[in-house]
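As provided, my_file.txt (compact mmCIF, C-alpha atoms) reads as follows.
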```txt
# COMPACT_ATOMS: atom_id res chain seq x y z
CA MET A 1133 28.70 155.98 212.91
CA ASN A 1134 29.07 152.36 213.95
CA ILE A 1135 28.52 149.68 211.37
CA ASN A 1136 26.42 146.97 212.98
CA LEU A 1137 23.36 144.76 212.60
CA THR A 1138 21.40 147.76 211.36
CA LEU A 1139 23.14 147.22 208.03
CA ILE A 1140 21.54 143.80 207.65
CA GLY A 1141 18.25 145.01 209.04
CA GLN A 1142 18.17 147.82 206.50
CA SER A 1143 19.05 145.44 203.67
CA ILE A 1144 16.21 143.12 204.61
CA THR A 1145 13.78 146.01 204.97
CA PHE A 1146 14.88 147.33 201.59
CA PHE A 1147 14.44 143.90 200.03
CA PHE A 1148 10.86 143.60 201.28
CA PHE A 1149 9.98 147.13 200.23
CA VAL A 1150 11.28 146.49 196.71
CA LEU A 1151 9.45 143.16 196.57
CA PHE A 1152 6.19 144.77 197.68
CA CYS A 1153 6.59 147.58 195.21
CA MET A 1154 7.39 145.12 192.44
CA LYS A 1155 4.38 142.91 193.10
CA LEU A 1156 1.63 145.22 194.29
CA VAL A 1157 2.42 148.79 193.33
CA TRP A 1158 4.19 149.02 190.01
CA PRO A 1159 2.22 146.56 187.81
CA PRO A 1160 -1.32 147.88 188.49
CA ILE A 1161 -0.25 151.47 187.96
CA MET A 1162 1.59 150.67 184.76
CA ARG A 1163 -1.39 148.65 183.59
CA ALA A 1164 -3.71 151.58 184.20
CA LEU A 1165 -1.32 153.93 182.41
CA ASP A 1166 -0.97 151.60 179.43
CA GLU A 1167 -4.72 151.07 179.30
CA ARG A 1168 -5.33 154.79 179.29
CA LYS A 1169 -2.71 155.26 176.60
CA LYS A 1170 -4.50 152.66 174.51
CA THR A 1171 -7.91 154.24 175.13
CA ILE A 1172 -6.62 157.61 173.99
CA ALA A 1173 -4.96 156.09 170.93
CA ASP A 1174 -8.18 154.25 170.08
CA GLY A 1175 -10.18 157.44 170.51
CA LEU A 1176 -7.88 159.34 168.22
CA ALA A 1177 -8.00 156.56 165.63
CA ALA A 1178 -11.81 156.48 165.84
CA ALA A 1179 -11.97 160.25 165.34
CA GLU A 1180 -9.70 159.93 162.32
CA ARG A 1181 -11.84 157.15 160.96
CA GLY A 1182 -15.02 159.19 161.54
CA LYS A 1183 -13.52 162.10 159.67
CA HIS A 1184 -12.62 159.83 156.79
CA GLU A 1185 -16.09 158.29 156.75
CA GLN A 1186 -17.71 161.71 156.73
CA GLU A 1187 -15.59 162.65 153.75
CA LEU A 1188 -16.66 159.49 151.97
CA ALA A 1189 -20.32 160.15 152.76
CA GLN A 1190 -20.01 163.70 151.47
CA ASN A 1191 -18.48 162.44 148.25
CA LYS A 1192 -21.20 159.87 147.93
CA ALA A 1193 -23.92 162.46 148.51
CA LYS A 1194 -22.35 164.63 145.83
CA ASP A 1195 -22.37 161.67 143.42
CA VAL A 1196 -25.99 160.85 144.17
CA LEU A 1197 -27.00 164.45 143.65
CA LYS A 1198 -25.15 164.57 140.36
CA GLU A 1199 -26.79 161.37 139.19
CA ALA A 1200 -30.22 162.63 140.19
CA LYS A 1201 -29.64 165.82 138.24
CA GLU A 1202 -28.59 163.83 135.20
CA GLN A 1203 -31.62 161.62 135.47
CA ALA A 1204 -33.91 164.60 135.84
CA GLY A 1205 -32.39 166.16 132.73
CA GLU A 1206 -32.86 162.92 130.85
CA ILE A 1207 -36.46 162.67 131.94
CA ILE A 1208 -37.17 166.22 130.89
CA ALA A 1209 -35.54 165.64 127.49
CA HIS A 1210 -37.51 162.47 127.06
CA ALA A 1211 -40.75 164.19 127.99
CA GLN A 1212 -40.09 167.00 125.54
CA LYS A 1213 -39.38 164.49 122.83
CA ARG A 1214 -42.49 162.58 123.67
CA ALA A 1215 -44.57 165.77 123.61
CA SER A 1216 -43.37 166.69 120.16
CA GLU A 1217 -44.06 163.15 119.06
CA ILE A 1218 -47.61 163.37 120.35
CA ILE A 1219 -48.10 166.67 118.57
CA ASP A 1220 -46.78 165.17 115.33
CA GLU A 1221 -49.01 162.18 115.72
CA ALA A 1222 -52.02 164.37 116.35
CA LYS A 1223 -51.18 166.43 113.28
CA ASN A 1224 -50.88 163.32 111.16
CA ASP A 1225 -54.13 161.94 112.52
CA ALA A 1226 -55.89 165.19 111.83
CA ARG A 1227 -54.57 165.32 108.30
CA ALA A 1228 -55.61 161.71 107.63
CA GLU A 1229 -59.02 162.32 109.12
CA GLY A 1230 -59.46 165.40 106.98
CA GLU A 1231 -58.52 163.52 103.87
CA ARG A 1232 -60.86 160.75 104.74
CA ILE A 1233 -63.72 163.18 105.24
CA LEU A 1234 -62.83 164.87 101.97
CA THR A 1235 -62.82 161.57 100.09
CA ALA A 1236 -66.11 160.57 101.56
CA ALA A 1237 -67.61 163.91 100.59
CA ARG A 1238 -66.25 163.59 97.12
CA ALA A 1239 -67.70 160.10 96.74
CA GLU A 1240 -71.08 161.34 97.90
CA ILE A 1241 -70.94 164.21 95.43
CA ASN A 1242 -70.03 161.80 92.65
CA GLN A 1243 -72.83 159.51 93.61
CA GLU A 1244 -75.33 162.31 93.71
CA ALA A 1245 -74.10 163.59 90.39
CA ASN A 1246 -74.47 160.15 88.86
CA GLN A 1247 -77.95 159.91 90.25
CA ALA A 1248 -78.80 163.22 88.77
CA LYS A 1249 -77.31 162.10 85.45
CA GLU A 1250 -79.41 158.96 85.50
CA ILE A 1251 -82.53 160.96 86.22
CA LEU A 1252 -81.62 163.39 83.50
CA ARG A 1253 -80.90 160.59 81.09
CA GLY A 1254 -84.28 159.00 81.77
CA GLN A 1255 -85.93 162.35 81.29
CA VAL A 1256 -83.98 162.94 78.04
CA VAL A 1257 -85.10 159.55 76.73
CA SER A 1258 -88.68 160.27 77.43
CA LEU A 1259 -88.21 163.75 75.95
CA ALA A 1260 -86.60 162.26 72.87
CA VAL A 1261 -89.33 159.71 72.53
CA ALA A 1262 -91.92 162.38 72.90
CA GLY A 1263 -90.03 164.52 70.44
CA ALA A 1264 -89.62 161.73 67.94
CA SER A 1265 -93.21 160.66 68.18
CA LYS A 1266 -94.24 164.19 67.53
CA VAL A 1267 -91.88 164.32 64.58
CA LEU A 1268 -93.08 161.08 63.18
CA GLU A 1269 -96.55 161.78 64.16
CA LYS A 1270 -97.14 158.26 64.59
CA GLU A 1271 -97.14 156.10 67.38
CA ILE A 1272 -94.00 154.43 67.96
CA ASN A 1273 -93.89 151.18 69.64
CA GLU A 1274 -91.90 151.90 72.66
CA GLN A 1275 -91.09 148.30 73.06
CA SER A 1276 -89.54 147.77 69.66
CA HIS A 1277 -87.56 150.95 69.70
CA SER A 1278 -86.37 150.82 73.26
CA ASP A 1279 -83.00 149.36 72.30
CA MET A 1280 -82.32 152.23 70.00
CA LEU A 1281 -83.50 154.66 72.61
CA GLU A 1282 -81.23 153.13 75.25
CA LYS A 1283 -78.31 153.53 72.89
CA LEU A 1284 -79.24 157.12 72.28
CA ALA A 1285 -79.63 157.83 75.97
CA SER A 1286 -76.17 156.40 76.79
CA GLN A 1287 -74.63 158.64 74.12
CA ILE A 1288 -76.04 161.77 75.65
CA MET B 1286 18.58 170.59 224.20
CA ALA B 1287 21.12 173.31 224.82
CA SER B 1288 20.71 173.33 228.57
CA GLU B 1289 23.31 174.65 231.00
CA THR B 1290 24.64 171.26 231.89
CA LEU B 1291 25.53 170.48 228.29
CA THR B 1292 28.43 171.88 226.37
CA SER B 1293 28.22 172.39 222.65
CA THR B 1294 30.35 169.33 222.08
CA ASP B 1295 28.04 167.22 224.19
CA TYR B 1296 25.07 168.61 222.31
CA ILE B 1297 26.55 167.71 218.93
CA LYS B 1298 27.64 164.30 220.14
CA HIS B 1299 24.21 163.67 221.55
CA HIS B 1300 22.62 164.45 218.22
CA LEU B 1301 25.01 162.21 216.33
CA THR B 1302 24.42 159.15 218.48
CA ASN B 1303 21.86 156.56 217.51
CA LEU B 1304 19.44 154.92 219.86
CA THR B 1305 21.36 151.67 220.00
CA PHE B 1306 20.11 148.38 221.32
CA GLY B 1307 22.64 145.60 221.58
CA LYS B 1308 24.92 143.37 223.55
CA HIS B 1309 27.02 145.10 226.19
CA PRO B 1310 30.60 143.88 226.59
CA ASP B 1311 29.58 142.24 229.85
CA GLY B 1312 27.16 140.02 227.95
CA SER B 1313 23.84 141.62 228.88
CA TRP B 1314 21.51 143.07 226.23
CA GLY B 1315 20.14 146.56 226.51
CA LEU B 1316 20.14 150.16 225.30
CA ALA B 1317 23.41 152.01 225.08
CA HIS B 1318 23.49 154.95 227.53
CA ASN B 1319 26.16 156.91 225.72
CA ALA B 1320 28.18 156.97 222.52
CA ALA B 1321 31.06 155.01 224.05
CA GLU B 1322 28.77 152.21 225.17
CA ALA B 1323 27.20 152.07 221.71
CA LYS B 1324 30.64 151.79 220.16
CA ALA B 1325 31.66 149.06 222.59
CA MET B 1326 28.72 146.92 221.44
CA GLY B 1327 30.47 146.31 218.15
CA PHE B 1328 28.57 144.58 215.39
CA TRP B 1329 25.86 143.00 217.53
CA ALA B 1330 23.79 146.08 218.00
CA ILE B 1331 20.95 147.66 216.13
CA HIS B 1332 19.99 151.29 215.68
CA LEU B 1333 16.36 151.39 216.74
CA ASP B 1334 15.80 154.95 215.52
CA THR B 1335 17.18 154.24 212.05
CA MET B 1336 15.10 151.11 211.70
CA LEU B 1337 11.96 152.75 213.11
CA PHE B 1338 12.01 155.81 210.88
CA SER B 1339 13.06 153.99 207.74
CA ILE B 1340 10.38 151.32 208.15
CA LEU B 1341 7.77 153.89 209.10
CA LEU B 1342 8.52 155.99 206.03
CA GLY B 1343 8.75 152.98 203.74
CA VAL B 1344 5.40 151.70 204.95
CA PHE B 1345 3.93 155.19 204.60
CA PHE B 1346 5.02 155.44 200.98
CA LEU B 1347 4.04 151.89 200.05
CA TYR B 1348 0.67 152.22 201.80
CA TYR B 1349 -0.34 155.24 199.76
CA PHE B 1350 1.08 153.90 196.53
CA HIS B 1351 -0.61 150.56 197.05
CA LYS B 1352 -3.87 152.35 197.81
CA ALA B 1353 -3.58 154.26 194.56
CA ALA B 1354 -2.49 151.16 192.63
CA ARG B 1355 -5.46 149.12 193.87
CA LYS B 1356 -7.92 151.70 192.64
CA ALA B 1357 -5.97 152.65 189.54
CA THR B 1358 -8.22 152.90 186.53
CA ALA B 1359 -7.70 153.89 182.95
CA GLY B 1360 -10.33 156.58 183.38
CA VAL B 1361 -9.85 160.11 184.65
CA PRO B 1362 -7.43 159.79 187.61
CA SER B 1363 -8.33 161.13 191.04
CA GLY B 1364 -6.01 163.27 193.16
CA LEU B 1365 -3.91 160.55 194.77
CA GLN B 1366 -3.80 158.44 191.63
CA ASN B 1367 -2.78 161.49 189.65
CA PHE B 1368 0.11 162.21 192.00
CA VAL B 1369 1.23 158.58 192.06
CA GLU B 1370 1.00 158.34 188.28
CA TRP B 1371 3.05 161.48 187.93
CA ILE B 1372 5.86 159.98 190.00
CA VAL B 1373 5.58 156.57 188.36
CA ASP B 1374 5.71 158.19 184.95
CA PHE B 1375 8.78 160.16 185.97
CA ILE B 1376 10.54 157.01 187.20
CA ASP B 1377 9.45 155.10 184.12
CA ASN B 1378 10.93 157.78 181.88
CA SER B 1379 14.19 157.72 183.83
CA VAL B 1380 14.39 153.95 183.51
CA ARG B 1381 13.58 154.05 179.80
CA GLY B 1382 16.23 156.72 179.31
CA SER B 1383 19.06 154.96 181.12
CA PHE B 1384 18.27 151.26 181.07
CA ALA B 1385 18.69 149.39 177.80
CA GLY B 1386 18.77 145.84 179.14
CA GLY B 1387 15.53 144.77 177.54
CA LYS B 1388 12.58 143.57 179.57
CA ASN B 1389 13.20 143.60 183.29
CA ASP B 1390 10.43 143.74 185.89
CA VAL B 1391 12.75 144.61 188.76
CA VAL B 1392 14.62 147.73 187.75
CA ALA B 1393 11.70 150.17 187.56
CA PRO B 1394 10.08 149.20 190.91
CA LEU B 1395 13.56 149.17 192.42
CA ALA B 1396 14.16 152.69 191.17
CA LEU B 1397 10.76 153.84 192.44
CA THR B 1398 11.37 152.36 195.89
CA ILE B 1399 14.83 153.87 196.13
CA PHE B 1400 13.74 157.30 194.99
CA LEU B 1401 10.79 157.66 197.31
CA TRP B 1402 12.28 155.90 200.29
CA VAL B 1403 15.50 157.90 200.16
CA PHE B 1404 13.56 161.07 199.50
CA LEU B 1405 11.28 160.56 202.50
CA MET B 1406 14.16 159.63 204.79
CA ASN B 1407 16.04 162.71 203.62
CA LEU B 1408 12.93 164.80 204.09
CA MET B 1409 13.11 164.13 207.84
CA ASP B 1410 16.14 166.43 207.76
CA LEU B 1411 13.81 169.41 207.33
CA ILE B 1412 12.12 168.79 210.69
CA PRO B 1413 13.96 171.04 213.16
CA VAL B 1414 16.68 168.90 214.74
CA ASP B 1415 15.43 169.14 218.31
CA TRP B 1416 11.74 168.48 217.94
CA LEU B 1417 11.46 164.72 217.77
CA PRO B 1418 14.46 164.00 220.06
CA TRP B 1419 13.04 166.40 222.66
CA VAL B 1420 9.58 164.78 222.54
CA THR B 1421 11.15 161.36 222.85
CA ALA B 1422 13.33 162.45 225.75
CA GLN B 1423 10.34 163.92 227.55
CA VAL B 1424 8.28 160.78 227.04
CA ALA B 1425 11.17 158.55 228.10
CA SER B 1426 12.10 160.53 231.19
CA ASN B 1427 8.57 161.25 232.39
CA GLY B 1428 7.01 157.98 231.34
CA PHE B 1429 9.79 155.51 231.94
CA GLY B 1430 12.06 157.40 234.32
CA ALA B 1431 14.99 157.36 231.93
CA ASP B 1432 17.77 159.93 232.05
CA PRO B 1433 16.91 162.36 229.21
CA HIS B 1434 20.60 162.77 228.41
CA SER B 1435 20.96 159.12 227.55
CA VAL B 1436 17.92 159.00 225.29
CA PHE B 1437 19.19 159.33 221.77
CA LEU B 1438 17.22 159.76 218.58
CA LYS B 1439 18.55 160.29 215.10
CA VAL B 1440 15.60 161.13 212.94
CA VAL B 1441 17.27 161.10 209.54
CA SER B 1442 17.95 157.48 208.65
CA THR B 1443 20.18 158.37 205.71
CA THR B 1444 22.68 160.02 208.07
CA ASP B 1445 23.31 156.50 209.36
CA PRO B 1446 25.84 154.76 207.09
CA ASN B 1447 24.13 151.47 207.91
CA ALA B 1448 21.06 152.59 205.99
CA THR B 1449 22.91 153.87 202.93
CA PHE B 1450 25.30 150.91 202.84
CA GLY B 1451 22.37 148.55 203.35
CA MET B 1452 20.79 149.86 200.18
CA ALA B 1453 24.02 150.18 198.24
CA ILE B 1454 25.08 146.63 199.08
CA SER B 1455 21.66 145.30 198.07
CA VAL B 1456 22.00 147.13 194.76
CA PHE B 1457 25.53 145.75 194.41
CA LEU B 1458 24.33 142.18 194.99
CA LEU B 1459 21.61 142.67 192.39
CA MET B 1460 24.28 143.97 190.01
CA ILE B 1461 26.41 140.87 190.46
CA TYR B 1462 23.35 138.64 190.20
CA TYR B 1463 22.32 140.15 186.87
CA SER B 1464 25.89 140.23 185.57
CA ILE B 1465 26.21 136.51 186.14
CA ARG B 1466 22.70 135.73 184.92
CA ILE B 1467 23.09 137.68 181.68
CA LYS B 1468 26.75 137.00 180.90
CA GLY B 1469 27.39 133.78 182.78
CA ILE B 1470 30.14 133.33 185.33
CA GLY B 1471 32.74 133.17 182.55
CA GLY B 1472 31.47 136.36 180.99
CA PHE B 1473 31.48 138.13 184.35
CA ILE B 1474 35.03 137.03 185.12
CA GLY B 1475 36.05 137.90 181.58
CA GLU B 1476 34.63 141.36 182.05
CA LEU B 1477 36.77 141.75 185.16
CA THR B 1478 39.99 140.42 183.65
CA LEU B 1479 40.09 140.84 179.86
CA HIS B 1480 39.92 144.59 179.49
CA PRO B 1481 40.75 147.48 179.33
CA PHE B 1482 44.10 145.92 178.20
CA SER B 1483 43.91 143.03 175.78
CA SER B 1484 46.29 141.46 173.31
CA LYS B 1485 46.22 138.81 170.61
CA ASN B 1486 49.40 137.33 172.05
CA MET B 1487 48.47 134.79 174.73
CA LEU B 1488 51.54 135.46 176.86
CA VAL B 1489 51.03 139.22 176.87
CA GLN B 1490 47.35 138.65 177.62
CA ALA B 1491 48.26 136.51 180.61
CA LEU B 1492 50.42 139.36 181.89
CA PHE B 1493 47.58 141.80 181.42
CA ILE B 1494 45.08 139.77 183.45
CA PRO B 1495 46.24 140.80 186.95
CA VAL B 1496 46.48 144.44 185.88
CA ASN B 1497 43.01 144.34 184.36
CA PHE B 1498 41.60 142.58 187.38
CA PHE B 1499 43.05 145.14 189.74
CA LEU B 1500 41.62 148.05 187.74
CA GLU B 1501 38.21 146.51 187.17
CA PHE B 1502 37.86 145.19 190.70
CA VAL B 1503 38.55 148.58 192.19
CA SER B 1504 36.03 150.22 189.89
CA LEU B 1505 33.49 147.50 190.73
CA ILE B 1506 33.90 147.93 194.49
CA ALA B 1507 33.93 151.69 194.13
CA LYS B 1508 30.37 151.62 192.81
CA PRO B 1509 28.50 150.58 195.99
CA VAL B 1510 30.95 152.43 198.23
CA SER B 1511 30.56 155.70 196.35
CA LEU B 1512 26.82 155.17 196.09
CA ALA B 1513 26.47 154.76 199.86
CA LEU B 1514 29.03 157.38 200.91
CA ARG B 1515 27.67 160.07 198.57
CA LEU B 1516 24.23 159.91 200.12
CA PHE B 1517 25.55 159.48 203.65
CA GLY B 1518 28.07 162.29 203.28
CA ASN B 1519 25.60 164.77 201.90
CA MET B 1520 22.95 164.05 204.48
CA TYR B 1521 25.41 163.87 207.37
CA ALA B 1522 26.91 167.22 206.42
CA GLY B 1523 23.46 168.76 206.01
CA GLU B 1524 22.36 167.43 209.40
CA MET B 1525 25.58 168.71 210.96
CA ILE B 1526 24.91 172.20 209.70
CA PHE B 1527 21.39 172.10 211.12
CA ILE B 1528 22.84 171.03 214.47
CA LEU B 1529 25.43 173.82 214.40
CA ILE B 1530 22.73 176.35 213.58
CA ALA B 1531 20.60 174.96 216.39
CA ILE B 1532 23.40 175.66 218.91
CA MET B 1533 22.88 179.38 218.25
CA TYR B 1534 19.41 179.20 219.83
CA GLY B 1535 21.03 178.92 223.25
CA ALA B 1536 23.21 181.98 222.71
CA GLY B 1537 20.90 184.92 223.20
CA LEU B 1538 18.13 186.63 221.29
CA VAL B 1539 20.19 188.24 218.53
CA LEU B 1540 22.21 185.16 217.67
CA GLY B 1541 19.10 183.00 218.09
CA THR B 1542 17.15 185.10 215.56
CA PHE B 1543 20.11 184.99 213.20
CA GLY B 1544 20.17 181.21 213.66
CA GLY B 1545 16.48 181.07 212.78
CA VAL B 1546 17.09 182.93 209.54
CA LEU B 1547 20.05 180.66 208.75
CA GLN B 1548 18.04 177.56 209.47
CA LEU B 1549 15.25 178.69 207.14
CA GLY B 1550 17.76 179.45 204.39
CA TRP B 1551 19.58 176.16 204.81
CA ALA B 1552 16.30 174.24 204.91
CA ILE B 1553 15.14 175.81 201.66
CA PHE B 1554 18.46 175.01 200.04
CA HIS B 1555 18.31 171.55 201.52
CA ILE B 1556 15.04 170.79 199.71
CA LEU B 1557 17.15 170.78 196.57
CA VAL B 1558 19.84 168.61 198.14
CA ILE B 1559 17.53 165.92 199.47
CA THR B 1560 15.67 165.62 196.16
CA LEU B 1561 18.88 165.63 194.18
CA GLN B 1562 20.49 162.97 196.38
CA ALA B 1563 17.45 160.71 196.07
CA PHE B 1564 17.47 161.23 192.32
CA ILE B 1565 21.21 160.55 192.03
CA PHE B 1566 20.95 157.36 194.06
CA MET B 1567 18.09 156.20 191.83
CA THR B 1568 19.75 157.15 188.54
CA LEU B 1569 23.04 155.51 189.49
CA THR B 1570 21.18 152.35 190.48
CA ILE B 1571 19.52 152.28 187.06
CA VAL B 1572 22.87 152.89 185.35
CA TYR B 1573 24.56 150.12 187.34
CA MET B 1574 21.74 147.74 186.46
CA ASP B 1575 22.14 148.72 182.84
CA MET B 1576 25.88 148.02 183.04
CA ALA B 1577 25.16 144.61 184.52
CA HIS B 1578 22.96 143.88 181.51
CA GLN B 1579 25.44 145.03 178.88
CA THR B 1580 27.13 142.20 177.07
CA SER B 1581 29.16 144.00 174.42
CA HIS B 1582 32.63 144.95 175.54
```

Can the structure in the file be given as structure tokens, please?
Amino acid sequence: MNINLTLIGQSITFFFFVLFCMKLVWPPIMRALDERKKTIADGLAAAERGKHEQELAQNKAKDVLKEAKEQAGEIIAHAQKRASEIIDEAKNDARAEGERILTAARAEINQEANQAKEILRGQVVSLAVAGASKVLEKEINEQSHSDMLEKLASQI
Amino acid sequence: MASETLTSTDYIKHHLTNLTFGKHPDGSWGLAHNAAEAKAMGFWAIHLDTMLFSILLGVFFLYYFHKAARKATAGVPSGLQNFVEWIVDFIDNSVRGSFAGGKNDVVAPLALTIFLWVFLMNLMDLIPVDWLPWVTAQVASNGFGADPHSVFLKVVSTTDPNATFGMAISVFLLMIYYSIRIKGIGGFIGELTLHPFSSKNMLVQALFIPVNFFLEFVSLIAKPVSLALRLFGNMYAGEMIFILIAIMYGAGLVLGTFGGVLQLGWAIFHILVITLQAFIFMTLTIVYMDMAHQTSH
């Protein structure tokens, strides 16, 4: 129960213990604790960010899909249009070709008819001449009457 | 130690005497052989047992904490680091809760040191009162030929007022240091003299100053005294009860068994007391430091 030098000894001991604790014990532990706190906070933030990014990516994928669908629809519509166009074109071509063939055929028929007419005309002339010479019973100079005969033939 | 040659009074006295080394009245230095001799040494004496156990326990605590601190990583903590972090976190929370003086690198380590050092010194109370003194007496008498009755050993440092006052006075000096550093000498003196009573009238104020000073000075001095005496008183009383229970062991089988049961009960209850006293000492230190940092009055 006596107060003596121990008091001072204890104070000095206490002082050194506090000093040691202050320099070599407390700061490293607090540093580790703070660091861990930061690591955990960073981890949580990263997880949050990842979640957000995933959401964005999902939205983006949805957009891309939608766009692709639209494009596909467009392409199909275009193709259908093009197909009908081709059909129309083919129809037109066929019609034109048919007409052309028809015209050509007609021209040929006309030509052949004309030829036949010419032949007939020539034959009629000679028939007429023969007939006339028989009627006149005299020889007719074919040369001098050819003009008249030509005229007659063209009238037939 | 309850041998036939010792009365109960001697036994108690023996347990309450420190192993004192100091200057005898005749001028020679040496160990005190009894309580009277220790008292006669006056101030120039030192309690070897108090110093030994307090330093041993302080080094023990700082060694393990330093070991953990050196290897402390932000990764998954190992067993020791986990335990140390748990305590450090607890102290840190206490400091954050009670100390509002801004950034201060001293208060938290101070609180940690006080809490663990006081706790460990108090913990020595749970070792049965006769064990370590008996071992020491045997070693001293058989090894060095000393009279076992004059070999004293007080294991619990906090039952020595020197230890508790040593800490309390250190805390008190820190308090005054921070008061003056934060508020200046004028501010500190003003705090002691200008309230609780103050007046706009200069003359009345001058009359109030001595009254204020008396009130504030008493409350200032009461802080370290109460801090030291609370811890000392609690531990001294607890130790005393252990000693009284221990006397029963020399009084027959029935009373001895009863004493054993009592000792177990008191020890279990004492776990609460030693922790609580360490915590109170720490919390009050933090509060006093906070008061020293407060400028608004």

Next on the checklist: Just the number, please: distance in Å from atom CA of B:Ala1453 to atom CA of B:Leu1512, one decimal.
Outcome noted: 6.1 Å

Next on the checklist: Only residues of chain B matter here; which ones have an atom within 6 Å of chain A, counting all atoms listed in the file? Give them as a list in words.
Outcome noted: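 Putting it all together, I get Phe1328, Trp1329, Ala1330, Ile1331, His1332, His1351, Ala1354, Ala1357, Thr1358, Ala1359, Pro1394, Leu1395, Thr1398, Asn1447, Ala1448, Gly1451 and Met1452 of chain B.
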
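Between atom CA of B:Gly1535 and atom CA of B:Thr1292 there is a distance of 10.7 Å.
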
Next on the checklist: Env of B:Val1436: 10 Å cut, atoms = all atoms listed in the file, seq-sep filter 4 positions within chain, self excluded. Answer as number ranges by chain.
Outcome noted: B: 1299, 1302-1305, 1316-1319, 1418-1419, 1421-1426, 1431-1432

Checklist outcome for this item: Using all atoms listed in the file, the shortest atom-to-atom distance to B:Gln1579 among B:Leu1401, B:Leu1342, B:Leu1347, B:Ile1465 belongs to B:Ile1465

Checklist entry - Between atom CA of B:Lys1468 and atom CA of B:Thr1580, what is the distance, to one decimal in Å? => result 6.5 Å

Checklist entry - Residues at most 8 Å from B:Met1406, counting only C-alpha atoms, excluding those fewer than 2 positions away in the same chain, as a PyMOL selection string? => result chain B and resi 1338-1339+1342+1402-1404+1408-1410+1441-1443

Quick one: stretch 1402-1414 of chain B with N, CA and C atoms, as a compact mmCIF listing (two decimals), in the coordinates of the input?
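This went into out.txt:
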```txt
# COMPACT_ATOMS: atom_id res chain seq x y z
N TRP B 1402 11.84 156.23 198.93
CA TRP B 1402 12.28 155.90 200.29
C TRP B 1402 13.39 156.85 200.71
N VAL B 1403 14.38 156.99 199.84
CA VAL B 1403 15.50 157.90 200.16
C VAL B 1403 14.98 159.32 200.32
N PHE B 1404 14.08 159.70 199.41
CA PHE B 1404 13.56 161.07 199.50
C PHE B 1404 12.86 161.31 200.84
N LEU B 1405 12.02 160.38 201.25
CA LEU B 1405 11.28 160.56 202.50
C LEU B 1405 12.22 160.56 203.70
N MET B 1406 13.21 159.66 203.67
CA MET B 1406 14.16 159.63 204.79
C MET B 1406 14.94 160.93 204.84
N ASN B 1407 15.33 161.43 203.67
CA ASN B 1407 16.04 162.71 203.62
C ASN B 1407 15.16 163.85 204.10
N LEU B 1408 13.88 163.73 203.77
CA LEU B 1408 12.93 164.80 204.09
C LEU B 1408 12.87 165.05 205.61
N MET B 1409 13.13 164.00 206.38
CA MET B 1409 13.11 164.13 207.84
C MET B 1409 14.13 165.17 208.30
N ASP B 1410 15.10 165.45 207.45
CA ASP B 1410 16.14 166.43 207.76
C ASP B 1410 15.55 167.83 207.95
N LEU B 1411 14.39 168.07 207.30
CA LEU B 1411 13.81 169.41 207.33
C LEU B 1411 13.03 169.67 208.62
N ILE B 1412 12.75 168.59 209.37
CA ILE B 1412 12.12 168.79 210.69
C ILE B 1412 13.21 169.36 211.61
N PRO B 1413 12.93 170.45 212.28
CA PRO B 1413 13.96 171.04 213.16
C PRO B 1413 14.59 169.97 214.05
N VAL B 1414 15.91 170.02 214.16
CA VAL B 1414 16.68 168.90 214.74
C VAL B 1414 16.28 168.51 216.15
```
